[in-house]
>>> print(open('coords_21.txt').read())   # compact mmCIF, C-alpha atoms and all ligand atoms
# COMPACT_ATOMS: atom_id res chain seq x y z
CA MET A 30 0.00 0.00 0.00
CA THR A 31 1.48 3.31 -1.14
CA THR A 32 0.02 6.76 -0.71
CA VAL A 33 0.24 8.65 -4.02
CA LEU A 34 -1.80 11.73 -3.18
CA GLU A 35 -2.69 13.31 0.13
CA THR A 36 -4.68 16.36 1.17
CA GLU A 37 -4.77 17.84 4.62
CA ASP A 38 -7.54 20.23 5.70
CA LEU A 39 -7.80 21.35 2.07
CA GLU A 40 -9.99 24.38 1.74
CA ARG A 41 -11.20 26.76 -0.96
CA GLN A 42 -13.44 29.67 -0.26
CA PHE A 43 -15.26 31.80 -2.87
CA GLY A 44 -16.46 34.88 -1.01
CA LYS A 45 -18.58 33.49 1.79
CA LEU A 46 -19.02 30.10 0.14
CA MET A 47 -16.79 27.26 1.32
CA ALA A 48 -16.62 25.20 -1.91
CA VAL A 49 -14.08 22.73 -0.42
CA ASP A 50 -14.23 22.58 3.33
CA GLY A 51 -11.35 21.01 5.24
CA VAL A 52 -10.94 17.82 3.19
CA SER A 53 -8.25 15.37 4.38
CA VAL A 54 -7.73 12.21 2.31
CA SER A 55 -4.93 9.80 1.38
CA ILE A 56 -5.24 8.08 -1.98
CA ASP A 57 -3.72 4.61 -2.18
CA SER A 58 -2.00 3.34 -5.33
CA ASP A 59 -3.83 0.00 -5.23
CA ASP A 60 -7.28 1.58 -5.37
CA VAL A 61 -9.44 3.06 -8.09
CA THR A 62 -10.98 5.94 -6.13
CA SER A 63 -14.17 7.75 -7.14
CA ILE A 64 -15.29 11.13 -5.89
CA ILE A 65 -19.04 11.60 -5.89
CA GLY A 66 -21.53 14.11 -4.55
CA PRO A 67 -24.58 16.09 -5.63
CA ASN A 68 -24.33 19.03 -8.04
CA GLY A 69 -22.35 21.85 -6.46
CA ALA A 70 -20.78 19.52 -3.84
CA GLY A 71 -17.28 20.72 -4.70
CA LYS A 72 -15.90 17.93 -6.91
CA THR A 73 -14.63 20.18 -9.70
CA THR A 74 -13.16 22.65 -7.22
CA PHE A 75 -11.41 19.75 -5.43
CA TYR A 76 -9.93 18.56 -8.75
CA ASN A 77 -8.84 22.10 -9.57
CA LEU A 78 -7.03 22.31 -6.23
CA LEU A 79 -5.31 18.95 -6.81
CA SER A 80 -4.17 19.86 -10.32
CA GLY A 81 -3.05 23.41 -9.49
CA ARG A 82 -5.71 25.23 -11.51
CA LEU A 83 -6.88 26.87 -8.28
CA ASP A 84 -4.89 27.86 -5.22
CA PRO A 85 -6.31 26.66 -1.91
CA THR A 86 -7.32 29.18 0.76
CA GLY A 87 -6.14 26.66 3.36
CA GLY A 88 -4.54 23.25 3.79
CA SER A 89 -2.12 21.32 1.61
CA VAL A 90 -1.77 18.89 -1.29
CA LYS A 91 1.03 16.32 -1.45
CA LEU A 92 1.94 14.13 -4.41
CA ARG A 93 4.24 11.18 -4.84
CA PRO A 94 6.46 12.17 -7.74
CA ARG A 95 7.12 9.89 -10.65
CA ASP A 96 10.67 9.02 -9.62
CA GLY A 97 10.37 9.55 -5.88
CA THR A 98 9.46 7.56 -2.81
CA GLU A 99 8.44 10.46 -0.57
CA LEU A 100 5.40 12.67 -0.97
CA VAL A 101 6.23 16.25 -1.94
CA ASP A 102 4.21 19.31 -1.08
CA VAL A 103 2.75 20.74 -4.31
CA THR A 104 0.42 23.27 -2.69
CA GLY A 105 0.31 26.45 -4.78
CA GLN A 106 2.39 25.05 -7.66
CA THR A 107 1.27 25.65 -11.24
CA PRO A 108 -0.60 22.99 -13.26
CA TYR A 109 2.50 22.63 -15.43
CA GLU A 110 4.79 21.98 -12.44
CA ILE A 111 2.32 19.53 -10.90
CA ASN A 112 1.97 17.73 -14.22
CA ARG A 113 5.76 17.49 -14.58
CA LEU A 114 5.89 15.91 -11.12
CA GLY A 115 3.35 13.22 -12.00
CA LEU A 116 -0.29 14.30 -11.84
CA SER A 117 -2.21 14.27 -15.08
CA ARG A 118 -5.82 15.21 -15.72
CA ALA A 119 -7.90 13.86 -18.56
CA PHE A 120 -10.92 15.29 -20.32
CA GLN A 121 -10.89 18.88 -19.20
CA ILE A 122 -7.30 19.93 -19.80
CA ASN A 123 -6.17 17.45 -22.40
CA ASN A 124 -7.79 17.80 -25.75
CA VAL A 125 -7.28 15.44 -28.58
CA PHE A 126 -5.87 17.08 -31.72
CA GLU A 127 -8.69 16.20 -34.09
CA GLY A 128 -6.65 16.82 -37.22
CA LEU A 129 -3.82 14.50 -36.17
CA SER A 130 -3.77 10.71 -36.24
CA VAL A 131 -3.91 8.67 -33.03
CA ILE A 132 -0.17 8.01 -33.10
CA ASP A 133 0.77 11.64 -33.83
CA ASN A 134 -1.34 12.74 -30.84
CA LEU A 135 0.67 10.33 -28.70
CA ARG A 136 3.99 11.50 -30.14
CA VAL A 137 3.06 15.04 -29.12
CA ALA A 138 2.22 13.83 -25.60
CA ARG A 139 5.58 12.06 -25.34
CA ILE A 140 7.47 15.17 -26.44
CA SER A 141 6.15 16.92 -23.35
CA ARG A 142 8.16 14.38 -21.30
CA THR A 143 11.39 15.31 -23.02
CA ASP A 144 13.36 18.53 -23.02
CA ARG A 145 12.81 18.91 -26.74
CA SER A 146 10.80 21.80 -28.02
CA LEU A 147 7.53 21.09 -29.74
CA ASN A 148 8.02 21.45 -33.47
CA LEU A 149 6.93 19.48 -36.44
CA SER A 150 10.22 17.76 -36.98
CA ASP A 151 9.84 16.24 -33.50
CA ILE A 152 6.69 14.43 -34.47
CA ALA A 153 8.15 13.24 -37.74
CA ARG A 154 7.32 9.63 -38.35
CA SER A 155 10.99 8.74 -38.56
CA ASP A 156 11.60 9.37 -34.82
CA PRO A 157 11.88 5.76 -33.60
CA GLU A 158 11.94 6.48 -29.87
CA LEU A 159 8.77 8.57 -29.83
CA SER A 160 7.03 6.11 -32.11
CA GLU A 161 7.90 3.13 -29.93
CA GLU A 162 6.70 4.85 -26.75
CA ALA A 163 3.54 6.03 -28.50
CA ARG A 164 2.82 2.51 -29.73
CA GLU A 165 3.22 1.06 -26.21
CA ILE A 166 0.59 3.46 -24.88
CA ILE A 167 -1.74 2.79 -27.83
CA GLU A 168 -1.50 -0.90 -27.01
CA MET A 169 -2.18 -0.22 -23.32
CA VAL A 170 -5.50 1.47 -24.15
CA ASN A 171 -6.44 -1.13 -26.81
CA LEU A 172 -6.35 1.18 -29.83
CA GLU A 173 -4.12 -1.04 -31.99
CA GLY A 174 -5.10 -0.87 -35.64
CA LEU A 175 -6.28 2.73 -35.34
CA GLU A 176 -2.81 4.34 -35.11
CA GLN A 177 -3.08 6.13 -38.43
CA THR A 178 -6.74 7.13 -38.09
CA LYS A 179 -7.41 10.86 -37.79
CA CYS A 180 -8.92 11.51 -34.38
CA ALA A 181 -11.79 13.43 -35.98
CA ASN A 182 -12.90 10.13 -37.52
CA LEU A 183 -12.89 8.06 -34.30
CA SER A 184 -16.00 6.95 -32.40
CA HIS A 185 -16.77 8.82 -29.18
CA GLY A 186 -15.53 5.89 -27.07
CA ASP A 187 -12.25 5.61 -28.98
CA LYS A 188 -11.68 9.36 -28.79
CA ARG A 189 -11.98 9.16 -25.02
CA LYS A 190 -9.47 6.32 -25.03
CA VAL A 191 -7.08 8.68 -26.85
CA GLU A 192 -7.67 11.20 -24.05
CA VAL A 193 -6.75 8.56 -21.46
CA ALA A 194 -3.73 7.69 -23.59
CA LEU A 195 -2.65 11.35 -23.69
CA ALA A 196 -2.91 11.54 -19.90
CA LEU A 197 -0.79 8.37 -19.67
CA GLY A 198 1.69 9.83 -22.13
CA THR A 199 3.26 11.99 -19.46
CA ASP A 200 4.13 8.92 -17.27
CA PRO A 201 1.88 10.03 -14.41
CA THR A 202 1.66 8.55 -10.94
CA VAL A 203 -1.92 9.83 -10.66
CA VAL A 204 -4.51 10.42 -13.38
CA LEU A 205 -7.63 12.43 -12.55
CA LEU A 206 -10.51 11.49 -14.84
CA ASP A 207 -13.54 13.74 -15.22
CA GLU A 208 -16.65 11.68 -15.98
CA PRO A 209 -14.81 9.07 -18.08
CA THR A 210 -17.98 7.39 -19.38
CA ALA A 211 -20.05 10.52 -20.10
CA GLY A 212 -21.86 10.26 -23.44
CA MET A 213 -20.89 6.60 -23.93
CA ASN A 214 -23.19 3.74 -24.86
CA ALA A 215 -23.32 0.58 -22.71
CA THR A 216 -20.60 -1.25 -24.65
CA GLU A 217 -18.24 1.72 -24.65
CA THR A 218 -18.87 2.25 -20.93
CA GLU A 219 -17.99 -1.36 -20.13
CA ARG A 220 -14.80 -1.11 -22.19
CA MET A 221 -13.76 2.09 -20.42
CA VAL A 222 -14.42 0.57 -16.97
CA ASN A 223 -12.33 -2.50 -17.86
CA LEU A 224 -9.56 -0.31 -19.24
CA VAL A 225 -9.29 1.81 -16.10
CA GLU A 226 -9.30 -1.26 -13.86
CA GLU A 227 -6.63 -3.00 -15.94
CA ILE A 228 -4.28 -0.04 -16.12
CA ASN A 229 -4.70 0.73 -12.41
CA GLU A 230 -3.81 -2.87 -11.59
CA GLN A 231 -1.02 -3.46 -14.08
CA THR A 232 0.91 -0.20 -14.01
CA ASP A 233 2.24 2.35 -11.52
CA THR A 234 -0.55 4.73 -12.50
CA THR A 235 -3.39 5.34 -10.05
CA PHE A 236 -6.80 6.54 -11.25
CA VAL A 237 -9.05 8.93 -9.38
CA LEU A 238 -12.36 9.76 -11.03
CA THR A 239 -15.51 11.79 -10.73
CA GLU A 240 -18.57 10.10 -12.15
CA HIS A 241 -22.30 10.70 -12.07
CA ASP A 242 -23.29 7.22 -13.25
CA MET A 243 -23.71 5.27 -9.99
CA GLU A 244 -23.55 1.91 -11.75
CA VAL A 245 -20.11 2.81 -13.05
CA VAL A 246 -19.03 4.09 -9.62
CA LEU A 247 -20.12 0.89 -7.90
CA GLY A 248 -18.58 -1.30 -10.58
CA ILE A 249 -15.20 0.39 -10.87
CA SER A 250 -14.33 1.75 -7.44
CA ASP A 251 -12.36 0.16 -4.65
CA ARG A 252 -13.01 3.26 -2.64
CA VAL A 253 -15.55 6.08 -2.81
CA LEU A 254 -15.23 9.56 -1.34
CA VAL A 255 -18.45 11.53 -0.90
CA LEU A 256 -18.50 15.31 -0.85
CA ASP A 257 -21.48 17.38 0.25
CA ASN A 258 -21.40 21.16 0.58
CA GLY A 259 -17.63 20.99 0.20
CA ALA A 260 -17.11 18.59 3.13
CA LEU A 261 -16.07 14.94 3.03
CA ILE A 262 -19.08 13.14 4.53
CA ALA A 263 -18.10 9.54 3.77
CA ASP A 264 -15.03 7.56 2.74
CA GLY A 265 -15.10 3.79 2.25
CA THR A 266 -15.83 0.86 -0.03
CA PRO A 267 -18.82 1.25 -2.38
CA ASP A 268 -20.91 -0.97 -0.06
CA GLU A 269 -19.96 0.99 3.04
CA VAL A 270 -20.69 4.32 1.41
CA MET A 271 -24.03 3.22 -0.06
CA ALA A 272 -25.13 1.94 3.34
CA ASP A 273 -24.30 5.27 4.99
CA GLU A 274 -27.47 7.09 6.02
CA ARG A 275 -25.85 10.52 5.60
CA VAL A 276 -24.85 9.70 2.06
CA ARG A 277 -28.33 8.44 1.17
CA GLU A 278 -29.86 11.63 2.54
CA ALA A 279 -27.34 14.06 1.07
CA TYR A 280 -26.59 12.43 -2.21
CA LEU A 281 -29.88 11.35 -3.66
CA GLY A 282 -32.40 12.58 -1.15
CA GLY A 283 -32.69 9.07 0.33
CA GLU A 284 -33.31 7.40 -3.06
CA LEU A 285 -30.14 5.29 -3.16
N1 LIG B 1 -15.01 30.36 -9.54
C1 LIG B 1 -16.02 30.29 -8.68
N2 LIG B 1 -16.51 31.40 -8.09
C2 LIG B 1 -17.54 31.33 -7.22
N3 LIG B 1 -18.15 30.19 -6.85
C3 LIG B 1 -17.72 29.05 -7.41
C4 LIG B 1 -16.65 29.04 -8.36
N4 LIG B 1 -16.42 27.76 -8.74
C5 LIG B 1 -17.32 27.00 -8.07
N5 LIG B 1 -18.09 27.77 -7.28
C6 LIG B 1 -19.15 27.30 -6.38
O1 LIG B 1 -18.57 26.32 -5.54
C7 LIG B 1 -19.49 25.28 -5.29
C8 LIG B 1 -18.88 23.94 -5.71
O2 LIG B 1 -18.84 23.93 -7.14
P1 LIG B 1 -18.18 22.72 -7.96
O3 LIG B 1 -18.29 23.08 -9.40
O4 LIG B 1 -16.85 22.41 -7.42
O5 LIG B 1 -19.17 21.51 -7.63
P2 LIG B 1 -19.33 20.10 -8.37
O6 LIG B 1 -19.50 19.08 -7.31
O7 LIG B 1 -18.24 19.91 -9.35
O8 LIG B 1 -20.71 20.29 -9.15
P3 LIG B 1 -21.22 19.58 -10.51
O9 LIG B 1 -21.46 18.14 -10.20
O10 LIG B 1 -22.52 20.31 -10.78
O11 LIG B 1 -20.19 19.82 -11.57
C9 LIG B 1 -20.78 25.62 -6.03
O12 LIG B 1 -21.67 26.26 -5.13
C10 LIG B 1 -20.29 26.59 -7.10
O13 LIG B 1 -21.32 27.51 -7.45
>>> encode(input="coords_21.txt", output="structure tokens")
Amino acid sequence: MTTVLETEDLERQFGKLMAVDGVSVSIDSDDVTSIIGPNGAGKTTFYNLLSGRLDPTGGSVKLRPRDGTELVDVTGQTPYEINRLGLSRAFQINNVFEGLSVIDNLRVARISRTDRSLNLSDIARSDPELSEEAREIIEMVNLEGLEQTKCANLSHGDKRKVEVALALGTDPTVVLLDEPTAGMNATETERMVNLVEEINEQTDTTFVLTEHDMEVVLGISDRVLVLDNGALIADGTPDEVMADERVREAYLGGEL
């Protein structure tokens, strides 16, 4: 069991509103962790604090860096610095380049891990190192055979796989996923759930996700964190959290 991400009394105030209210959690590398809560509970703000898009008004965020064994304090660092250290966010920051093929998108993501500047010669097809790394990630997300397809021509489910692949392209210790199955049909949803579980298990990457679809949350999560009015009101296995009276009341007005 390894802690990859930790918050202590994390807080973000907007005027009088406490959008994230003293949240302390440790995320374990073995778990797929989901963050749920009603609309306005503070999930997006919490993600923005973790990824550096917002500065906290109190508390701290610590991250296990890609090549390190100790957690480092990343409170107040920029999204770029936090990403370089090992936290990657998919779906809101990363955008697939629609006009590029799957493999060229991945080559671009890999360049961000090198000290090379981003120019067209860097994504030239003759660069064997970038191509090999890009192919490994394409294989990891089961997109073999679609390497040369322009992203604009992919199905919705496959495009989202490219987004996961781009997040993985920076060799992250933690990937934050925003609603990974939004807009997917049942088959695509099942594939995405399996993909996240497999990668979480087989690699050093740990997934944390927000998700509105409760079936997905219950199916995918080892651990569920519940926010309500900015506060952490429950933290446990899906069964524990669903049995929690406070969660039933707060989250779905007792309908769970
Ligand atoms: N930049 C901001 N300025 C003022 N208030 C904000 C700002 N961002 C968020 N809020 C408020 O903070 C609270 C938490 O919002 P947040 O978007 O984090 O919730 P959420 O759980 O992600 O909601 P949803 O599920 O609807 O996306 C809400 O009351 C929201 O109106």
>>> atom_distance(input="coords_21.txt", atom1="CA of Glu127 in chain A", atom2="CA of Val191 in chain A")
10.6 Å
>>> residues_near_point(input="coords_21.txt", point="(-3.8, 5.2, 0.1)", cutoff="9 Å", atoms="all atoms listed in the file", output="PDB file with C-alpha atoms, in the coordinates of the input")
ATOM      1  CA  MET A  30       0.000   0.000   0.000  1.00  0.00           C
ATOM      2  CA  THR A  31       1.480   3.310  -1.140  1.00  0.00           C
ATOM      3  CA  THR A  32       0.020   6.760  -0.710  1.00  0.00           C
ATOM      4  CA  VAL A  33       0.240   8.650  -4.020  1.00  0.00           C
ATOM      5  CA  LEU A  34      -1.800  11.730  -3.180  1.00  0.00           C
ATOM      6  CA  GLU A  35      -2.690  13.310   0.130  1.00  0.00           C
ATOM      7  CA  VAL A  54      -7.730  12.210   2.310  1.00  0.00           C
ATOM      8  CA  SER A  55      -4.930   9.800   1.380  1.00  0.00           C
ATOM      9  CA  ILE A  56      -5.240   8.080  -1.980  1.00  0.00           C
ATOM     10  CA  ASP A  57      -3.720   4.610  -2.180  1.00  0.00           C
ATOM     11  CA  SER A  58      -2.000   3.340  -5.330  1.00  0.00           C
ATOM     12  CA  ASP A  59      -3.830   0.000  -5.230  1.00  0.00           C
ATOM     13  CA  ASP A  60      -7.280   1.580  -5.370  1.00  0.00           C
TER      14      ASP A  60
END
>>> atom_distance(input="coords_21.txt", atom1="CA of Gly88 in chain A", atom2="CA of Glu40 in chain A")
5.9 Å
>>> closest_residue(input="coords_21.txt", among="A:Thr98, A:Thr107, A:Thr74, A:Thr36", to="ligand LIG 1 (chain B)", atoms="only C-alpha atoms and all ligand atoms")
A:Thr74
>>> closest_residue(input="coords_21.txt", among="A:Asp84, A:Glu227, A:Asp268, A:Glu240", to="Ile64 in chain A", atoms="all atoms listed in the file")
A:Glu240
>>> closest_atom_pairs(input="coords_21.txt", of="chain A", to="ligand LIG 1 (chain B)", cutoff="9 Å", atoms="only C-alpha atoms and all ligand atoms", output="tab-separated table")
residue	atom	partner	partner_atom	distance
A:Arg41	CA	B:LIG1	O1	8.7
A:Gln42	CA	B:LIG1	O1	8.1
A:Phe43	CA	B:LIG1	C2	4.9
A:Gly44	CA	B:LIG1	C2	7.2
A:Leu46	CA	B:LIG1	O1	6.8
A:Met47	CA	B:LIG1	O1	7.1
A:Ala48	CA	B:LIG1	O1	4.3
A:Val49	CA	B:LIG1	C8	7.2
A:Ile65	CA	B:LIG1	O6	7.6
A:Gly66	CA	B:LIG1	O6	6.0
A:Pro67	CA	B:LIG1	O9	5.9
A:Asn68	CA	B:LIG1	O10	3.5
A:Gly69	CA	B:LIG1	O5	3.4
A:Ala70	CA	B:LIG1	O6	3.7
A:Gly71	CA	B:LIG1	O4	3.2
A:Lys72	CA	B:LIG1	O6	3.8
A:Thr73	CA	B:LIG1	O7	3.6
A:Thr74	CA	B:LIG1	O4	3.7
A:Phe75	CA	B:LIG1	O4	6.4
A:Tyr76	CA	B:LIG1	O4	8.0
A:Asn77	CA	B:LIG1	O4	8.3
A:Leu83	CA	B:LIG1	N1	8.9
A:Thr239	CA	B:LIG1	O7	8.7
A:Glu240	CA	B:LIG1	O9	8.8
A:His241	CA	B:LIG1	O9	7.7
A:Leu256	CA	B:LIG1	O6	7.5
A:Asp257	CA	B:LIG1	O6	8.0
A:Asn258	CA	B:LIG1	C8	7.3
A:Gly259	CA	B:LIG1	C8	6.7
>>> atom_distance(input="coords_21.txt", atom1="CA of Met213 in chain A", atom2="CA of Ser184 in chain A")
9.8 Å
>>> closest_residue(input="coords_21.txt", among="A:Val193, A:Val245, A:Ala215, A:Leu261", to="Ser117 in chain A", atoms="all atoms listed in the file")
A:Val193
>>> closest_residue(input="coords_21.txt", among="A:Leu206, A:Val131, A:Leu238, A:Leu92", to="Arg113 in chain A", atoms="only C-alpha atoms")
A:Leu92
>>> residues_near_point(input="coords_21.txt", point="(6.4, 17.6, 3.2)", cutoff="12 Å", atoms="all atoms listed in the file", output="list in words")
Leu34, Glu35, Thr36, Glu37, Ser89, Val90, Lys91, Leu92, Arg93, Glu99, Leu100, Val101, Asp102, Val103 and Thr104 of chain A
>>> closest_residue(input="coords_21.txt", among="A:Thr199, A:Asp264, A:Asp233, A:Arg164", to="Val52 in chain A", atoms="only C-alpha atoms")
A:Asp264
>>> closest_residue(input="coords_21.txt", among="A:Pro94, A:Arg136, A:Thr234, A:Pro267", to="Asp251 in chain A", atoms="only C-alpha atoms")
A:Pro267
>>> residues_around(input="coords_21.txt", residues="Asp187 in chain A", least_positions_apart="3", cutoff="10 Å", atoms="all atoms listed in the file", output="PyMOL selection string")
chain A and resi 131+170-172+175+180+182-184+190-193+217+220-221
